Structures are given as C-alpha cells and as structure tokens.
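> Input: one structure, supplied below.
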Amino acid sequence: MLKNNTIAISAEMLTSWQTTVDLIAKVAKVPASLIMKLHTHELEVFVANNNTNSPFAAGMKDSLGHGLYCESVIVQQTKLHVENALEDPKWCTNPALAVGMMSYYGLPLNWPDGEPFGTICMLDIKANSYSGDLMMLMECFRRSIESNLEMLEKKEKLAQANLHLETSIAQRTVELEKLNSDLMQEIDSRIAAEKLLDIQQRFDSVTGLPKFNQLEKVFNKLTAKNELTSISIIHFSITNLKRIQDGFGYDISDKVRNTVVQKLQLFTNNSTYLAIFSETTFCIIIPTKKQQYANKMAVFCSRLCQQFSQDIYVDELSLSITTAMGVAFYPNDGSGFMDLSRKSSAALSHCEMGNNNSYKFFNPKMELELSSRIKMESLLRGALQRDELSLHYQPFVNTQSQSVVGAEVLIRWHNPTLGQVSPVDFIEIAEHSGQIIEIGYFVLRNALKQLAYWRELYNQDFYLAINMSPVQLKDSYLVDKIVNLLELYKIPGHLLEIELTENALIHDAAYAQEVLSKLHRKEIRLSLDDFGTGYSSLSYLQYYPFNSIKIDRSFIHNLEASEQSRQLVNTIIAMANNLQLSLVAEGVENQFQADFVAKQGANIWQGYYLGKPVDANAFAQQYLIPSMTPLF
C-alpha cells in the first residue's frame, strides 16, 4: 500500500505547502501551481494555488494511464519541461490542453526510500520556457517538501517504535532518545529550508518594497560607473514600531510602515534606491557625483528627521513615531556592499541608543565594536559542537518551609578565546542570528534529561524553570517538541515552567496567546518574568494563563533604601495573592529582603542570598542530597 494512503499530512504542513504553491504562482506569474499526490489508480490535486484563473482545485482527481504530464514525471523520475504542448507531437493530445494549459514544468516528489509521493509543478496558458531562476526555485521547494516527507516518516517510525518496543526501560529510553534526536535535527533542517524560501522571495508583502538582498546588485552596478565619486548607504529605523504594534495591533503597525514608506519615497528619485531591511528598518542607497557628499547627506538626513518629527495619521489615529538613521559612505568607509551595510547598521545601533529622530555617520570606533560582535557571533556558531555551552541551576526556595522546591535553568558559555561570556552579551546575538532556536532546544533537552535523572535518583519532585526567547516562541513546532521531550523523559507537565518576558508577547499577541494556551492545557507552568518593568504587564495577566510572576530584581534591590519600592512590592504581592498566582521574589541578596517579601506573602525566594547558579553536580550536592532538612 502506498505511504500516501497511510501517513497523514498535518494541518501545519498543508499550510506551509499552500504558501509554497502560492509563492510559485506569484513569482513565476503563472495561473496554476500544484502539488499532486499519487494514489493506486489516480492522481489527486493535493494542493493548488489560490488563483481564480486556475482551472485546478484541491481534491480534483484524474485516472492514470492516459498521458498525464505528472504521471510521466513520476514514472520517469525526472523533471519534465513542455514549453508548448501544441507544437510537441508527444504532448499535443495531453488532457491539460482541454483546460487551456499549454506549457508545463514539473519535478518528482518522493519519500526518503524512493517511493513516489507525487509531483510539484506549474502550468501556463501560453508557451513558457521557464527561466533558470524559476527552475532553481522549484528545486528548492522540492527539497523542502521532501524534507517534510522525511520528517513524517521519522514520526511514523517513532510511533511504531513506541508500540512495539518491549525491552527494558533503559533500552527503550535510549532508542527513543536517538529517534527523537534525529527528529529534532530534521525539524531544525526544515526551519533552515523555510529560511531559504524566505530569501527567495524578492519583495516584502506589506510594503511592496524590494527586499534587502536585492540591493547588492544595484550597488555593484553603481560602483562600476567611474564617474560616481560617492555612494551613501543609509539604514532608517522606526524605533517605536513595536510599541505601536503592542498598543494598536498588527494592522495599524503595517499601515504605519506603509505610510512611512510613502513619505520616504517623496525623498527619492530615479537614482535613489529604497528596500526593506527588517520589520522596522529600511535601507536607502543614494549615489552622487558631488564632492560634498557628507554635507549633502547631513542635509538629507536632517530633512528626514524634520519630516518624521510630525505626527502621522492612520485610520483617523494621530500617531507619533520615532526614527533613527545610520550612514556609511563608499569608498571612504569600505568598498563592498555588505561591509558598508554592516557599518551603516552599526551607526544606526549607536543612534538608537541616543536621542530619537536623529542620525549618525559611521566612525572607526563603531567598527571595532562591530568586529567584536561579529567575532562573538562566529565563535558562538560552533559553541554547541565544541561542547562550550553548559547549564547552571539556581534554587527556588519556599518562603514558608525554607526548602528548595525547584530551580531556574541558566545557560553558560565558556570559550577558550573569549573566556566566560555573559548571557547578556551572547543571547542577543543568538536571537539576531537565529542560533537561539538550536541553543534553546539544547537547554530544553539537557535540562529535562537532568531532571529525569534527579527524580529517579532522589525520588523527589521539584520543578525547573526555563527562559523562552521571543524567537523560540514563534517556532511552530515548539509545543510538540516540548511535549515529546516530557513524554520521552516521563516528566509531568507541572514540573516544567516556561519563563517569558514582556518582549516575548508584544510581537504577535494572538499567536502568543494560542501557544501559551496549548502549553497550559498540557499543565506546563507559565511565569511572567521581570514583572513591573513593562507598561503592559497587568494586561498580560488578564489575557494569558500565567501561573506565577517574578518581581523584577530592581524593586527587591531597593527595598531597604526606598519606601516607594516597598510599597510597589507590597502591591504586586497582594495582587498576585488575590489572583491566586505564585509570586517569586527575584534578586534576594540579604536577610532584610528575604524577611520583607516573606512577611508580605511572597511564595518563593530566588537570589544570591539563597544560592548562586551552580552546575548540576554542585546543585545536587548542595540542595538535593541534604533535602531532608530546611535550607535555613
């Protein structure tokens, strides 16, 4: 029996495939882009692009054996390109001509063992030679889909292994762990493939602007013209777009971006190039023949600052936006586009740390800081493979029993070149580069494996709290991965707590609420970290299923000296108790602070006064082996 009839395609995967065929049709400018699925006696349109001009729709079927394009692709196991079926004797009677499809390009899709799944193809109502770029893009999509099929087969093997393994618990755990590890790698590979597909898209769907990767070709053409004496690379950022998004939602923030683009385009001409760099940042290339390029750019940037110092109007809302600009010059600051772009971005970062609605030109000091950051990012990329990352554990102490009830998991990085690197320095780099996904699952896997070992060795239930990055929260496989690991190590959901800061919630409130609700239904604990520092913290307690909150350490630090801090802590603890939320006092460093928060009703102490973060062996020696007696 074909795997097609036994292995189901998930809804998430179907959504991804739908995006794929829609993108193919859009980029290729053809009416029909399809994923076809093979059955024993017929072919099925499994996924079809959303186009009213296409004669194909998902669910349509056609029997085998009468000259279908896709049947030939599957039988021959090679690509098929029919430029004009009417002029090709072999295909002039093809059934697709009956619905007006004159040209065809398709590739085979197979399961990992070579068994056919079907095809991915595109069709046009006119003769079409399909460019080499389109064929390369189709090949990328084919590899991505076959990676999906490989992941499904791995899952099927994992399910079968769970049903048939009858060996000892130790053997079962080892085998499942290996399968699970392979599955994690396949999923991570798929995420990487999806990134590649994003790069293949040339234009931003919200603003219609070219994507940043299109500018290097423009820059190279400009530098080939000897009469040009200077080229300015400008990074322009809307620095408060995230706050607008949090306050008014994605729809308004997208309209703000479009309004900003329209204003920027007023300052451009035929020789100026504008592209989108990120959700909040745009890149501008301005060539000039004049010698006074710096003065000209100072005037240009000043005019932009003045323009955006005025409120903009979106859906009858008057909104104040803040901006920042970083500028680098060719040839003064460098000769290559990516080098200049990094320097322009570095100047922007320095500008964002200063006043709003301002600009900065790149200088060598920024280059030194940029080089240091690039070096750290490069060394971090191989840190996992070199076994440089490790986990430390800081105890949670119950304020009533004064015993250890859990621990926060903290990652540490020791590099032979850099020495001990603070998480404050490398976590931001990991998020920016996307490495936080891999690092995050390293933390989850190893922390839960350690917890399973401790539970078996000491016969003691306590929980681990793990910080979750905003980037990790966007991973569509996050919940499944966590649940799979909990099942693998036989850990109840309530012994895992996910800590999130406000930054993890502001980017897409609806999606974050969906993810947190799924985790909550699995009885996984949720904690809002750094409570009191974000202006929306109270609203998050209403919309998200948190089990606990952590008072930010800045309030605890000032308890002795500040009456205001004491009143704020009193209020937060009382509110948490009224909402039946567990309250963790973070950053407790002395007896006064410990006594104060305990007296006010805090549930958990955490801080150097109770115990510093230590490795797993030291944690067991200090807190688990002597767990029969209170800590104090």
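Lettering and numbering for the structure tokens are positional, with chains as A, B, ... in the shown order, residues counted from 1 in each chain, and ligands counted from 1 in the shown order.
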Got a sec: who's within 12 Å of Ser565 (chain A), counting only C-alpha atoms, leaving out chain neighbours fewer than 4 positions off, as a PyMOL selection string?
chain A and resi 532+551-561+569-572+593+596-597
> Could you work out how far CA of Ile24 (chain A) lies from CA of Phe219 (chain A), giving the answer in Å with one decimal?
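So the two atoms, CA of Phe219 (chain A) and CA of Ile24 (chain A), lie 27.5 Å apart.
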> DSSP on the backbone: what in region 226-263 of chain A comes out helix (DSSP H, G or I), as an NGL selection string?
:A and (241-248 or 250-263)
> Restricting the output to N, CA, C and O atoms, write the selected residues as a PDB file, in the first residue's frame.

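Just written: part-v9.pdb:
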```pdb
ATOM      1  N   LEU A 241       8.103  51.236  16.560  1.00  0.00           N
ATOM      2  CA  LEU A 241       7.064  50.470  15.862  1.00  0.00           C
ATOM      3  C   LEU A 241       6.538  49.336  16.722  1.00  0.00           C
ATOM      4  O   LEU A 241       5.351  49.014  16.685  1.00  0.00           O
ATOM      5  N   LYS A 242       7.402  48.689  17.510  1.00  0.00           N
ATOM      6  CA  LYS A 242       6.960  47.595  18.362  1.00  0.00           C
ATOM      7  C   LYS A 242       5.937  48.080  19.392  1.00  0.00           C
ATOM      8  O   LYS A 242       4.962  47.386  19.694  1.00  0.00           O
ATOM      9  N   ARG A 243       6.157  49.263  19.941  1.00  0.00           N
ATOM     10  CA  ARG A 243       5.197  49.798  20.922  1.00  0.00           C
ATOM     11  C   ARG A 243       3.867  50.138  20.248  1.00  0.00           C
ATOM     12  O   ARG A 243       2.794  49.936  20.839  1.00  0.00           O
ATOM     13  N   ILE A 244       3.920  50.656  19.032  1.00  0.00           N
ATOM     14  CA  ILE A 244       2.686  50.923  18.288  1.00  0.00           C
ATOM     15  C   ILE A 244       1.957  49.613  18.021  1.00  0.00           C
ATOM     16  O   ILE A 244       0.731  49.506  18.183  1.00  0.00           O
ATOM     17  N   GLN A 245       2.721  48.610  17.648  1.00  0.00           N
ATOM     18  CA  GLN A 245       2.135  47.288  17.397  1.00  0.00           C
ATOM     19  C   GLN A 245       1.476  46.726  18.645  1.00  0.00           C
ATOM     20  O   GLN A 245       0.392  46.140  18.587  1.00  0.00           O
ATOM     21  N   ASP A 246       2.119  46.898  19.781  1.00  0.00           N
ATOM     22  CA  ASP A 246       1.571  46.400  21.039  1.00  0.00           C
ATOM     23  C   ASP A 246       0.295  47.140  21.429  1.00  0.00           C
ATOM     24  O   ASP A 246      -0.662  46.541  21.915  1.00  0.00           O
ATOM     25  N   GLY A 247       0.284  48.446  21.191  1.00  0.00           N
ATOM     26  CA  GLY A 247      -0.871  49.238  21.602  1.00  0.00           C
ATOM     27  C   GLY A 247      -2.052  49.161  20.655  1.00  0.00           C
ATOM     28  O   GLY A 247      -3.207  49.233  21.088  1.00  0.00           O
ATOM     29  N   PHE A 248      -1.788  49.011  19.344  1.00  0.00           N
ATOM     30  CA  PHE A 248      -2.870  49.106  18.365  1.00  0.00           C
ATOM     31  C   PHE A 248      -3.012  47.880  17.465  1.00  0.00           C
ATOM     32  O   PHE A 248      -3.968  47.782  16.707  1.00  0.00           O
ATOM     33  N   TYR A 250      -1.321  44.591  14.827  1.00  0.00           N
ATOM     34  CA  TYR A 250      -0.527  44.411  13.625  1.00  0.00           C
ATOM     35  C   TYR A 250      -1.070  45.215  12.443  1.00  0.00           C
ATOM     36  O   TYR A 250      -0.309  45.736  11.631  1.00  0.00           O
ATOM     37  N   ASP A 251      -2.378  45.312  12.337  1.00  0.00           N
ATOM     38  CA  ASP A 251      -2.963  46.006  11.197  1.00  0.00           C
ATOM     39  C   ASP A 251      -2.523  47.469  11.167  1.00  0.00           C
ATOM     40  O   ASP A 251      -2.106  47.984  10.122  1.00  0.00           O
ATOM     41  N   ILE A 252      -2.590  48.126  12.323  1.00  0.00           N
ATOM     42  CA  ILE A 252      -2.192  49.533  12.393  1.00  0.00           C
ATOM     43  C   ILE A 252      -0.691  49.668  12.162  1.00  0.00           C
ATOM     44  O   ILE A 252      -0.240  50.576  11.445  1.00  0.00           O
ATOM     45  N   SER A 253       0.108  48.765  12.770  1.00  0.00           N
ATOM     46  CA  SER A 253       1.561  48.884  12.600  1.00  0.00           C
ATOM     47  C   SER A 253       1.947  48.691  11.136  1.00  0.00           C
ATOM     48  O   SER A 253       2.863  49.359  10.637  1.00  0.00           O
ATOM     49  N   ASP A 254       1.244  47.789  10.414  1.00  0.00           N
ATOM     50  CA  ASP A 254       1.527  47.618   8.987  1.00  0.00           C
ATOM     51  C   ASP A 254       1.178  48.881   8.200  1.00  0.00           C
ATOM     52  O   ASP A 254       1.903  49.274   7.278  1.00  0.00           O
ATOM     53  N   LYS A 255       0.091  49.517   8.583  1.00  0.00           N
ATOM     54  CA  LYS A 255      -0.291  50.763   7.906  1.00  0.00           C
ATOM     55  C   LYS A 255       0.698  51.886   8.223  1.00  0.00           C
ATOM     56  O   LYS A 255       0.976  52.742   7.377  1.00  0.00           O
ATOM     57  N   VAL A 256       1.251  51.873   9.438  1.00  0.00           N
ATOM     58  CA  VAL A 256       2.288  52.845   9.785  1.00  0.00           C
ATOM     59  C   VAL A 256       3.503  52.639   8.883  1.00  0.00           C
ATOM     60  O   VAL A 256       4.077  53.594   8.343  1.00  0.00           O
ATOM     61  N   ARG A 257       3.921  51.392   8.702  1.00  0.00           N
ATOM     62  CA  ARG A 257       5.062  51.092   7.828  1.00  0.00           C
ATOM     63  C   ARG A 257       4.810  51.597   6.408  1.00  0.00           C
ATOM     64  O   ARG A 257       5.692  52.185   5.778  1.00  0.00           O
ATOM     65  N   ASN A 258       3.589  51.364   5.905  1.00  0.00           N
ATOM     66  CA  ASN A 258       3.280  51.813   4.548  1.00  0.00           C
ATOM     67  C   ASN A 258       3.293  53.340   4.450  1.00  0.00           C
ATOM     68  O   ASN A 258       3.744  53.899   3.444  1.00  0.00           O
ATOM     69  N   THR A 259       2.797  54.004   5.482  1.00  0.00           N
ATOM     70  CA  THR A 259       2.807  55.469   5.487  1.00  0.00           C
ATOM     71  C   THR A 259       4.229  55.992   5.499  1.00  0.00           C
ATOM     72  O   THR A 259       4.571  56.957   4.796  1.00  0.00           O
ATOM     73  N   VAL A 260       5.092  55.365   6.308  1.00  0.00           N
ATOM     74  CA  VAL A 260       6.499  55.762   6.355  1.00  0.00           C
ATOM     75  C   VAL A 260       7.155  55.554   4.995  1.00  0.00           C
ATOM     76  O   VAL A 260       7.919  56.408   4.517  1.00  0.00           O
ATOM     77  N   VAL A 261       6.855  54.422   4.342  1.00  0.00           N
ATOM     78  CA  VAL A 261       7.411  54.163   3.013  1.00  0.00           C
ATOM     79  C   VAL A 261       6.986  55.257   2.029  1.00  0.00           C
ATOM     80  O   VAL A 261       7.805  55.757   1.240  1.00  0.00           O
ATOM     81  N   GLN A 262       5.726  55.637   2.073  1.00  0.00           N
ATOM     82  CA  GLN A 262       5.244  56.688   1.170  1.00  0.00           C
ATOM     83  C   GLN A 262       5.988  58.000   1.400  1.00  0.00           C
ATOM     84  O   GLN A 262       6.340  58.708   0.444  1.00  0.00           O
ATOM     85  N   LYS A 263       6.243  58.318   2.660  1.00  0.00           N
ATOM     86  CA  LYS A 263       6.983  59.552   2.961  1.00  0.00           C
ATOM     87  C   LYS A 263       8.430  59.446   2.502  1.00  0.00           C
ATOM     88  O   LYS A 263       9.006  60.414   1.979  1.00  0.00           O
TER      89      LYS A 263
END
```
> So which bits of region 51-135 of chain A end up strand (DSSP E or B) when you DSSP the backbone, as a ChimeraX atom specification?
/A:61-63,80-82,103-110,116-124
> Which of these residues is nearest to Glu146 (chain A), using only C-alpha atoms: A:Thr78, A:Lys612, A:Asn590, A:Leu109?
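With only C-alpha atoms as the atom set, the closest residue is A:Leu109.
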> Skipping near chain neighbours, those fewer than 4 positions away, what residues fall within 10 Å of Leu418 (chain A) using only C-alpha atoms, listed as a PyMOL selection string?
chain A and resi 375-376+379+413-414
> Let's have the selection written as a short mmCIF file (atom, residue, chain, number, x, y, z; two decimals), in the first residue's frame, with C-alpha atoms.

```
data_model
loop_
_atom_site.label_atom_id
_atom_site.label_comp_id
_atom_site.auth_asym_id
_atom_site.auth_seq_id
_atom_site.Cartn_x
_atom_site.Cartn_y
_atom_site.Cartn_z
CA LYS A 375 33.77 37.64 16.26
CA MET A 376 31.47 36.63 19.09
CA LEU A 379 32.52 31.72 17.81
CA TRP A 413 29.22 29.84 27.67
CA HIS A 414 32.94 29.38 28.18
#
```
> Could you check the closest approach to Val27 (chain A) for each of A:Val45, A:Met122, A:Val515, A:Asp62 and tell me which residue wins, using only C-alpha atoms?
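Of the candidates, the smallest distance to Val27 (chain A) is held by A:Met122.
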